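Asks: Take a look at input09.cif, mmCIF, C-alpha atoms and all ligand atoms:
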data_target
loop_
_atom_site.label_atom_id
_atom_site.label_comp_id
_atom_site.auth_asym_id
_atom_site.auth_seq_id
_atom_site.Cartn_x
_atom_site.Cartn_y
_atom_site.Cartn_z
CA MET A 1174 0.00 0.00 0.00
CA ASN A 1175 1.35 3.41 -0.94
CA ILE A 1176 1.05 6.04 1.68
CA ASN A 1177 1.66 9.65 0.79
CA ARG A 1178 3.79 11.10 3.50
CA ARG A 1179 2.53 14.60 3.84
CA LEU A 1180 3.35 17.26 6.30
CA PHE A 1181 0.41 19.30 7.41
CA LEU A 1182 0.31 22.63 9.14
CA PHE A 1183 -1.92 23.19 12.11
CA GLY A 1184 -5.48 21.98 12.20
CA GLY A 1185 -5.14 19.45 9.44
CA THR A 1186 -6.44 21.76 6.74
CA ALA A 1187 -3.47 23.75 5.48
CA ILE A 1188 -0.93 21.66 3.64
CA THR A 1189 2.74 22.23 3.01
CA ALA A 1190 4.16 21.28 -0.35
CA VAL A 1191 6.28 18.53 1.19
CA VAL A 1192 5.51 15.16 -0.32
CA VAL A 1193 7.90 12.31 0.29
CA GLY A 1194 7.97 8.93 -1.40
CA ASN A 1195 4.95 8.45 -3.63
CA LEU A 1196 4.66 11.74 -5.48
CA THR A 1197 0.91 11.90 -5.91
CA PRO A 1198 0.02 15.46 -4.97
CA PRO A 1199 -2.33 15.57 -2.03
CA THR A 1200 -5.82 16.41 -3.15
CA LEU A 1201 -8.46 18.05 -1.02
CA ALA A 1202 -10.24 14.69 -0.75
CA GLN A 1203 -7.10 13.08 0.66
CA THR A 1204 -6.75 15.75 3.30
CA ARG A 1205 -10.34 15.25 4.43
CA ASN A 1206 -9.42 11.97 6.10
CA ILE A 1207 -7.93 10.80 9.32
CA ASN A 1208 -5.44 7.97 9.39
CA LEU A 1209 -6.43 5.42 11.98
CA TYR A 1210 -3.95 2.81 13.17
CA SER A 1211 -6.09 0.13 14.76
CA SER A 1212 -5.59 -3.33 16.13
CA ARG A 1213 -9.32 -4.01 16.03
CA HIS A 1214 -11.57 -4.45 13.06
CA TYR A 1215 -15.21 -5.40 13.20
CA ASP A 1216 -18.14 -4.80 10.87
CA THR A 1217 -19.59 -2.43 13.46
CA ASP A 1218 -16.38 -0.38 13.29
CA ASP A 1219 -17.01 0.26 9.58
CA GLU A 1220 -20.45 1.56 10.48
CA LEU A 1221 -18.83 3.90 13.02
CA TYR A 1222 -16.44 5.26 10.38
CA ASN A 1223 -19.26 5.74 7.88
CA ALA A 1224 -21.31 7.61 10.48
CA PHE A 1225 -18.27 9.80 11.25
CA LYS A 1226 -17.91 10.66 7.59
CA ALA A 1227 -21.62 11.42 7.28
CA GLN A 1228 -21.49 13.76 10.26
CA THR A 1229 -18.16 15.48 9.68
CA GLY A 1230 -17.21 14.90 6.05
CA LEU A 1231 -14.01 13.31 7.32
CA GLY A 1232 -13.17 9.85 6.02
CA VAL A 1233 -11.21 7.23 7.92
CA ASN A 1234 -8.18 5.51 6.36
CA LEU A 1235 -7.74 2.32 8.34
CA ILE A 1236 -4.32 0.75 8.84
CA GLU A 1237 -4.88 -2.50 10.66
CA ALA A 1238 -2.23 -4.58 12.44
CA GLU A 1239 -1.26 -5.93 15.85
CA ALA A 1240 -0.75 -3.17 18.41
CA ASP A 1241 2.98 -3.84 18.80
CA GLN A 1242 3.46 -3.63 15.02
CA LEU A 1243 1.51 -0.36 14.82
CA ILE A 1244 3.58 1.16 17.62
CA GLU A 1245 6.83 0.05 15.95
CA ARG A 1246 5.60 1.44 12.64
CA VAL A 1247 4.84 4.87 14.08
CA LYS A 1248 8.22 4.91 15.82
CA SER A 1249 9.99 4.14 12.56
CA GLU A 1250 7.90 6.65 10.60
CA GLY A 1251 8.96 9.33 13.06
CA ALA A 1252 7.91 12.95 12.58
CA ASN A 1253 6.52 12.24 9.11
CA SER A 1254 4.13 9.53 10.26
CA PRO A 1255 0.70 9.86 8.65
CA ALA A 1256 -0.87 8.26 11.75
CA ASP A 1257 -3.46 10.35 13.57
CA VAL A 1258 -5.20 7.97 15.96
CA LEU A 1259 -4.24 4.71 17.68
CA ILE A 1260 -6.96 2.29 18.74
CA THR A 1261 -6.01 -0.85 20.61
CA VAL A 1262 -7.05 -3.09 23.47
CA ASP A 1263 -5.85 -3.18 27.06
CA ALA A 1264 -4.63 -0.19 29.05
CA GLY A 1265 -1.33 -2.08 29.38
CA ARG A 1266 -0.81 -1.77 25.61
CA LEU A 1267 -1.86 1.88 25.49
CA TRP A 1268 0.73 2.40 28.18
CA VAL A 1269 3.43 1.05 25.85
CA ALA A 1270 2.53 3.79 23.33
CA GLU A 1271 2.51 6.27 26.21
CA ARG A 1272 5.93 5.10 27.48
CA GLU A 1273 7.37 5.44 23.97
CA GLY A 1274 6.23 9.08 24.03
CA LEU A 1275 3.97 8.62 21.00
CA LEU A 1276 0.72 10.07 22.36
CA ALA A 1277 -0.35 13.68 22.80
CA PRO A 1278 -2.54 14.89 25.68
CA VAL A 1279 -6.09 15.63 24.54
CA ASP A 1280 -8.15 18.16 26.45
CA SER A 1281 -11.76 17.62 25.45
CA ALA A 1282 -14.64 18.64 27.69
CA PHE A 1283 -16.90 16.17 25.86
CA LEU A 1284 -14.56 13.19 26.38
CA LYS A 1285 -14.16 14.11 30.06
CA GLN A 1286 -17.90 14.39 30.47
CA GLN A 1287 -18.71 11.11 28.68
CA ILE A 1288 -15.95 8.78 29.89
CA PRO A 1289 -15.60 8.10 33.62
CA ALA A 1290 -12.25 9.30 35.01
CA ASN A 1291 -11.17 5.75 35.91
CA ARG A 1292 -11.51 4.61 32.28
CA ARG A 1293 -9.19 7.20 30.74
CA HIS A 1294 -5.63 8.44 31.21
CA PRO A 1295 -5.39 11.19 33.86
CA ASP A 1296 -3.63 13.54 31.42
CA GLY A 1297 -5.79 12.66 28.41
CA LEU A 1298 -3.14 10.57 26.63
CA TRP A 1299 -5.75 7.89 25.90
CA PHE A 1300 -9.40 7.14 26.52
CA GLY A 1301 -11.35 3.93 27.02
CA PHE A 1302 -14.24 3.45 24.58
CA SER A 1303 -15.41 0.05 25.76
CA GLN A 1304 -14.56 -2.20 28.65
CA ARG A 1305 -14.12 -5.87 29.39
CA ALA A 1306 -14.15 -7.83 32.62
CA ARG A 1307 -11.47 -10.46 33.33
CA VAL A 1308 -13.53 -13.07 35.12
CA ILE A 1309 -13.62 -16.62 36.44
CA PHE A 1310 -15.25 -19.37 34.37
CA TYR A 1311 -16.17 -22.62 36.08
CA ASN A 1312 -17.09 -26.13 35.01
CA ARG A 1313 -20.71 -26.46 36.10
CA ASP A 1314 -20.36 -30.21 36.85
CA ARG A 1315 -17.33 -29.75 39.06
CA VAL A 1316 -17.69 -26.41 40.80
CA ASN A 1317 -20.45 -24.99 42.94
CA PRO A 1318 -20.37 -21.23 42.17
CA ALA A 1319 -21.10 -20.64 45.87
CA ASP A 1320 -17.49 -21.77 46.47
CA LEU A 1321 -16.14 -19.00 44.23
CA SER A 1322 -15.52 -15.57 45.68
CA THR A 1323 -12.42 -13.50 44.84
CA TYR A 1324 -9.21 -13.43 42.79
CA GLU A 1325 -7.43 -13.56 46.15
CA ASP A 1326 -9.15 -16.86 47.00
CA LEU A 1327 -7.64 -18.52 43.89
CA ALA A 1328 -4.31 -18.71 45.74
CA THR A 1329 -5.73 -20.95 48.51
CA PRO A 1330 -5.05 -24.72 48.51
CA LYS A 1331 -8.69 -25.58 47.75
CA TRP A 1332 -8.00 -24.78 44.09
CA ALA A 1333 -4.82 -26.91 43.84
CA GLY A 1334 -4.45 -28.39 40.34
CA LYS A 1335 -7.66 -26.74 39.13
CA ILE A 1336 -6.85 -23.38 37.51
CA LEU A 1337 -6.51 -22.79 33.75
CA VAL A 1338 -4.92 -19.56 32.59
CA ARG A 1339 -2.78 -18.43 29.66
CA SER A 1340 0.86 -17.36 29.74
CA SER A 1341 2.21 -14.46 31.78
CA SER A 1342 3.49 -12.92 28.53
CA ASN A 1343 -0.11 -11.95 27.78
CA VAL A 1344 -0.94 -8.32 28.55
CA TYR A 1345 -4.37 -9.19 30.03
CA ASN A 1346 -2.67 -11.23 32.76
CA GLN A 1347 -0.02 -8.56 33.25
CA SER A 1348 -2.76 -5.99 33.79
CA LEU A 1349 -4.61 -8.29 36.22
CA VAL A 1350 -1.47 -8.67 38.32
CA ALA A 1351 -0.62 -4.97 37.97
CA GLY A 1352 -4.08 -4.22 39.37
CA LEU A 1353 -3.42 -6.50 42.34
CA ILE A 1354 -0.15 -4.65 42.96
CA ALA A 1355 -2.06 -1.35 43.00
CA ILE A 1356 -4.51 -2.76 45.52
CA HIS A 1357 -2.33 -4.95 47.77
CA GLY A 1358 1.25 -3.84 47.15
CA VAL A 1359 4.22 -5.85 45.91
CA ALA A 1360 4.81 -8.17 48.90
CA LYS A 1361 1.22 -9.41 49.14
CA THR A 1362 0.94 -9.83 45.37
CA ARG A 1363 4.18 -11.86 45.35
CA GLN A 1364 2.69 -14.11 48.01
CA TRP A 1365 -0.60 -14.41 46.12
CA LEU A 1366 1.22 -15.37 42.93
CA ARG A 1367 3.06 -18.16 44.71
CA GLY A 1368 -0.24 -19.79 45.74
CA PHE A 1369 -2.05 -19.00 42.48
CA VAL A 1370 0.66 -20.46 40.20
CA SER A 1371 0.95 -23.56 42.38
CA ASN A 1372 -2.76 -24.18 41.72
CA PHE A 1373 -2.42 -24.36 37.92
CA ALA A 1374 -4.05 -27.42 36.32
CA ARG A 1375 -1.40 -27.43 33.57
CA SER A 1376 1.47 -25.42 32.21
CA PRO A 1377 -0.06 -22.31 30.53
CA GLU A 1378 -0.89 -22.82 26.85
CA GLY A 1379 -3.31 -21.28 24.36
CA ASN A 1380 -5.34 -18.10 24.39
CA ASP A 1381 -8.30 -17.06 26.54
CA THR A 1382 -10.83 -19.05 24.48
CA ALA A 1383 -8.62 -22.13 24.80
CA GLN A 1384 -8.86 -21.84 28.60
CA ILE A 1385 -12.69 -21.74 28.47
CA ARG A 1386 -12.76 -24.74 26.11
CA ALA A 1387 -10.31 -26.67 28.31
CA CYS A 1388 -12.50 -25.90 31.33
CA ALA A 1389 -15.52 -27.36 29.49
CA ALA A 1390 -13.46 -30.43 28.56
CA GLY A 1391 -12.46 -30.95 32.20
CA ALA A 1392 -8.74 -30.15 31.89
CA GLY A 1393 -9.28 -27.93 34.93
CA ASP A 1394 -12.17 -26.75 37.06
CA ILE A 1395 -11.90 -23.01 36.55
CA ALA A 1396 -10.49 -20.72 33.88
CA ILE A 1397 -9.50 -17.06 33.81
CA ALA A 1398 -10.49 -15.17 30.65
CA ASN A 1399 -12.02 -11.96 29.35
CA SER A 1400 -15.80 -11.74 29.26
CA TYR A 1401 -16.20 -11.17 25.51
CA TYR A 1402 -14.69 -14.53 24.54
CA TYR A 1403 -17.53 -16.27 26.34
CA ALA A 1404 -20.08 -14.05 24.57
CA ARG A 1405 -18.46 -14.95 21.25
CA LEU A 1406 -18.89 -18.67 22.01
CA ALA A 1407 -22.48 -18.08 23.11
CA LYS A 1408 -23.29 -16.35 19.80
CA SER A 1409 -21.48 -18.91 17.66
CA ASN A 1410 -23.35 -20.93 15.04
CA ASP A 1411 -21.17 -23.93 15.87
CA PRO A 1412 -22.97 -26.28 18.28
CA VAL A 1413 -19.59 -27.28 19.75
CA ASP A 1414 -19.09 -23.69 20.93
CA ARG A 1415 -22.56 -23.45 22.41
CA GLU A 1416 -21.98 -26.73 24.24
CA VAL A 1417 -18.91 -25.14 25.85
CA VAL A 1418 -21.15 -22.34 27.13
CA GLU A 1419 -23.61 -24.89 28.51
CA LYS A 1420 -20.84 -26.66 30.40
CA VAL A 1421 -19.13 -23.54 31.69
CA GLY A 1422 -20.57 -20.77 33.87
CA ILE A 1423 -19.35 -17.18 34.25
CA PHE A 1424 -18.56 -15.74 37.67
CA PHE A 1425 -17.78 -12.11 38.47
CA PRO A 1426 -15.22 -12.06 41.31
CA ASN A 1427 -14.96 -9.70 44.29
CA GLN A 1428 -18.61 -8.67 44.35
CA ARG A 1429 -18.54 -8.23 48.12
CA ASP A 1430 -15.58 -5.90 48.08
CA ARG A 1431 -13.98 -3.78 45.33
CA GLY A 1432 -15.60 -5.45 42.29
CA THR A 1433 -14.36 -7.30 39.20
CA HIS A 1434 -11.11 -6.43 37.39
CA MET A 1435 -11.89 -4.27 34.34
CA ASN A 1436 -9.87 -3.26 31.32
CA ILE A 1437 -10.58 -1.19 28.23
CA SER A 1438 -10.38 -0.96 24.48
CA GLY A 1439 -9.29 2.56 23.82
CA GLY A 1440 -7.28 5.03 21.89
CA GLY A 1441 -5.42 8.27 21.72
CA VAL A 1442 -4.02 10.87 19.34
CA PHE A 1443 -0.44 10.59 18.12
CA LYS A 1444 1.92 13.45 18.97
CA THR A 1445 2.89 13.61 15.29
CA ALA A 1446 -0.71 13.47 14.02
CA PRO A 1447 -1.03 15.47 10.78
CA ASN A 1448 -4.72 16.07 11.55
CA PRO A 1449 -4.95 16.57 15.32
CA ASP A 1450 -8.26 18.44 15.36
CA ALA A 1451 -9.96 15.83 13.20
CA ALA A 1452 -8.36 13.11 15.34
CA ILE A 1453 -9.93 14.57 18.50
CA LYS A 1454 -13.27 14.84 16.71
CA PHE A 1455 -12.96 11.15 15.89
CA LEU A 1456 -12.35 10.22 19.54
CA GLU A 1457 -15.34 12.36 20.52
CA HIS A 1458 -17.39 10.52 17.91
CA LEU A 1459 -16.48 7.17 19.49
CA ALA A 1460 -17.63 8.46 22.88
CA GLY A 1461 -21.00 9.57 21.51
CA SER A 1462 -24.14 7.83 22.73
CA LEU A 1463 -24.92 5.96 19.53
CA SER A 1464 -21.29 5.05 18.74
CA GLN A 1465 -20.96 3.58 22.20
CA ILE A 1466 -23.54 0.90 21.40
CA TYR A 1467 -21.74 -0.11 18.19
CA PHE A 1468 -18.19 0.11 19.52
CA ALA A 1469 -18.94 -2.18 22.48
CA GLN A 1470 -21.07 -4.53 20.38
CA GLY A 1471 -18.27 -5.08 17.85
CA ASN A 1472 -16.37 -7.14 20.40
CA ASN A 1473 -19.17 -8.05 22.84
CA GLU A 1474 -17.81 -5.62 25.42
CA TYR A 1475 -19.38 -3.26 27.91
CA PRO A 1476 -19.75 0.41 26.90
CA VAL A 1477 -17.81 2.95 29.00
CA VAL A 1478 -20.40 5.73 28.87
CA PRO A 1479 -22.92 5.18 31.68
CA GLY A 1480 -26.47 4.53 30.55
CA THR A 1481 -25.53 3.02 27.16
CA PRO A 1482 -27.61 -0.08 26.30
CA ILE A 1483 -25.62 -3.33 26.51
CA ASP A 1484 -25.68 -6.13 23.93
CA PRO A 1485 -28.48 -8.56 24.96
CA VAL A 1486 -26.22 -11.65 25.18
CA VAL A 1487 -23.67 -9.75 27.27
CA ALA A 1488 -26.44 -8.30 29.41
CA GLY A 1489 -27.61 -11.89 29.98
CA PHE A 1490 -24.45 -12.54 32.01
CA GLY A 1491 -25.97 -10.34 34.70
CA THR A 1492 -25.13 -7.04 36.30
CA PHE A 1493 -22.06 -6.85 38.48
CA LYS A 1494 -19.92 -4.48 40.48
CA GLN A 1495 -16.85 -3.22 38.61
CA ASP A 1496 -13.54 -2.44 40.27
CA ASP A 1497 -13.28 1.35 40.01
CA LEU A 1498 -9.47 1.36 40.09
CA ASN A 1499 -8.16 3.62 37.31
CA VAL A 1500 -7.02 1.39 34.44
CA ALA A 1501 -3.96 3.67 34.06
CA GLU A 1502 -2.54 1.87 37.12
CA TYR A 1503 -1.91 -1.23 34.99
CA GLY A 1504 0.76 0.42 32.87
CA LYS A 1505 2.47 1.96 35.87
CA ASN A 1506 2.78 -1.46 37.54
CA GLN A 1507 3.37 -3.54 34.42
CA ALA A 1508 7.14 -4.00 34.78
CA GLU A 1509 6.75 -4.99 38.43
CA ALA A 1510 3.93 -7.39 37.52
CA VAL A 1511 6.10 -9.13 34.91
CA ARG A 1512 8.96 -9.39 37.41
CA LEU A 1513 6.70 -10.96 40.04
CA MET A 1514 5.12 -13.39 37.54
CA ASP A 1515 8.63 -14.48 36.48
CA GLN A 1516 9.63 -14.98 40.12
CA ALA A 1517 6.53 -17.12 40.64
CA ARG A 1518 7.49 -19.17 37.54
CA TRP A 1519 4.27 -18.35 35.72
CA ILE A 1520 5.58 -19.07 32.25
FE FE B 1601 -8.79 -10.27 23.43
#
If you took the structure in this file and wrote it as structure tokens, what would it be?
Ligand SMILES: [Fe+2]

Replies:
Amino acid sequence: MNINRRLFLFGGTAITAVVVGNLTPPTLAQTRNINLYSSRHYDTDDELYNAFKAQTGLGVNLIEAEADQLIERVKSEGANSPADVLITVDAGRLWVAEREGLLAPVDSAFLKQQIPANRRHPDGLWFGFSQRARVIFYNRDRVNPADLSTYEDLATPKWAGKILVRSSSNVYNQSLVAGLIAIHGVAKTRQWLRGFVSNFARSPEGNDTAQIRACAAGAGDIAIANSYYYARLAKSNDPVDREVVEKVGIFFPNQRDRGTHMNISGGGVFKTAPNPDAAIKFLEHLAGSLSQIYFAQGNNEYPVVPGTPIDPVVAGFGTFKQDDLNVAEYGKNQAEAVRLMDQARWI
């Protein structure tokens, strides 16, 4: 794909004559776009982009890749990067972009008003647009949900040999542990990890969905995974997937204290964005009432803006108390979390 590397003046409307690489002169139509680097792509996202164009006249050029690749690409593109907006999943990944100094603070009264403070970066470097819960799944034949309670409880000997969870290299697990560090401190989290890892049913393998499937197959009694994977199985046309959902129940931990661990899908504006004003408009669009329904639905997540209707299948999992810890804590504690998981030999 050829990308015209253009340098824009302020506001994304005035254009300098600098064109590098492909020498197609920038036309007005080309300047009326934002360049979105996204690690998510769903049919509902296309509808969001079309609605944005209808409302603002601004099109969305989508560059889609894994978050790490997008971040590396923007770093290598440097000051001439055409990238305006980054969208990715997990506050731990947004933090990587933040740590690399790639994101610009956005001061938008609308974003502040729509998105709760604990689901966005304190300085406006990124904003959550949907959220997911990292929960406990249990084999209905083997576990009485009355015996489940908290993440903390998963380190007790009663779960010895019963827990299924993916590798510690996964950012979702890093954020879960980083959250525990924020709540309990390093020493207690180290101790918790010792018990938790010693309760594993097997050496970590596979992704979140693989843990839910293995739980249904009896490879362990409980699995840790993000909520939307279960919704995906529940909506599947494959009877094998729906059988997994029949065999496995969903449990929201820590309902009697701080609530269930939450994370976000979110995004921010690149420091080098050629179209910063349009980029902010795009973020505001994603936080709008109607967009919120579509953005969350695309990945069976929970909207971030209070009062937004939830997908019926996801709503069927029940209401629950969310941990109101600011998701920005995960990035801050990520390095410590990885260190502690290594010490505990969580591979
Ligand atoms: Fe995921």

Asks: Which residue, A:Arg1205, A:Arg1313, A:Arg1405, A:Arg1293, has the smallest gap to ligand FE 1601 (chain B) when you use only C-alpha atoms and all ligand atoms?

Replies: A:Arg1405

Asks: Quick one: residues within 9 Å of Gly1432 (chain A), all atoms listed in the file, excluding same-chain residues fewer than 4 positions away - as a list of chain:residue names?

Replies: A:Phe1425, A:Pro1426, A:Asn1427, A:Gln1428, A:Phe1493, A:Lys1494, A:Gln1495, A:Asp1496, A:Asp1497

Asks: Those same residues - C-alpha atoms - I'd like them written as a compact mmCIF listing (two decimals), in the frame of the given file.

Replies:
# COMPACT_ATOMS: atom_id res chain seq x y z
CA PHE A 1425 -17.78 -12.11 38.47
CA PRO A 1426 -15.22 -12.06 41.31
CA ASN A 1427 -14.96 -9.70 44.29
CA GLN A 1428 -18.61 -8.67 44.35
CA PHE A 1493 -22.06 -6.85 38.48
CA LYS A 1494 -19.92 -4.48 40.48
CA GLN A 1495 -16.85 -3.22 38.61
CA ASP A 1496 -13.54 -2.44 40.27
CA ASP A 1497 -13.28 1.35 40.01

Asks: Please identify all protein, DNA and RNA residues within 10 Å of ligand FE 1601 (chain B), counting all atoms listed in the file, and report them as a PyMOL selection string.

Replies: chain A and resi 1213+1262-1263+1305+1343-1345+1380-1382+1398-1402+1438+1472

Asks: Please dump the current selection as a PDB file, in the frame of the given file; keep C-alpha atoms.

Replies:
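Output (result_2.pdb):
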ATOM      1  CA  ARG A1213      -9.320  -4.010  16.030  1.00  0.00           C
ATOM      2  CA  VAL A1262      -7.050  -3.090  23.470  1.00  0.00           C
ATOM      3  CA  ASP A1263      -5.850  -3.180  27.060  1.00  0.00           C
ATOM      4  CA  ARG A1305     -14.120  -5.870  29.390  1.00  0.00           C
ATOM      5  CA  ASN A1343      -0.110 -11.950  27.780  1.00  0.00           C
ATOM      6  CA  VAL A1344      -0.940  -8.320  28.550  1.00  0.00           C
ATOM      7  CA  TYR A1345      -4.370  -9.190  30.030  1.00  0.00           C
ATOM      8  CA  ASN A1380      -5.340 -18.100  24.390  1.00  0.00           C
ATOM      9  CA  ASP A1381      -8.300 -17.060  26.540  1.00  0.00           C
ATOM     10  CA  THR A1382     -10.830 -19.050  24.480  1.00  0.00           C
ATOM     11  CA  ALA A1398     -10.490 -15.170  30.650  1.00  0.00           C
ATOM     12  CA  ASN A1399     -12.020 -11.960  29.350  1.00  0.00           C
ATOM     13  CA  SER A1400     -15.800 -11.740  29.260  1.00  0.00           C
ATOM     14  CA  TYR A1401     -16.200 -11.170  25.510  1.00  0.00           C
ATOM     15  CA  TYR A1402     -14.690 -14.530  24.540  1.00  0.00           C
ATOM     16  CA  SER A1438     -10.380  -0.960  24.480  1.00  0.00           C
ATOM     17  CA  ASN A1472     -16.370  -7.140  20.400  1.00  0.00           C
TER      18      ASN A1472
END

Asks: May I have the protein, DNA and RNA residues with an atom at most 8 Å from (-16.2, -0.3, 24.6), counting only C-alpha atoms in the file's coordinates, returned as a ChimeraX atom specification?

Replies: /A:1301-1305,1437-1439,1465,1468-1470,1474-1477

Asks: In Å to one decimal, how far is CA of Glu1509 (chain A) from CA of Gln1384 (chain A)?

Replies: 25.0 Å
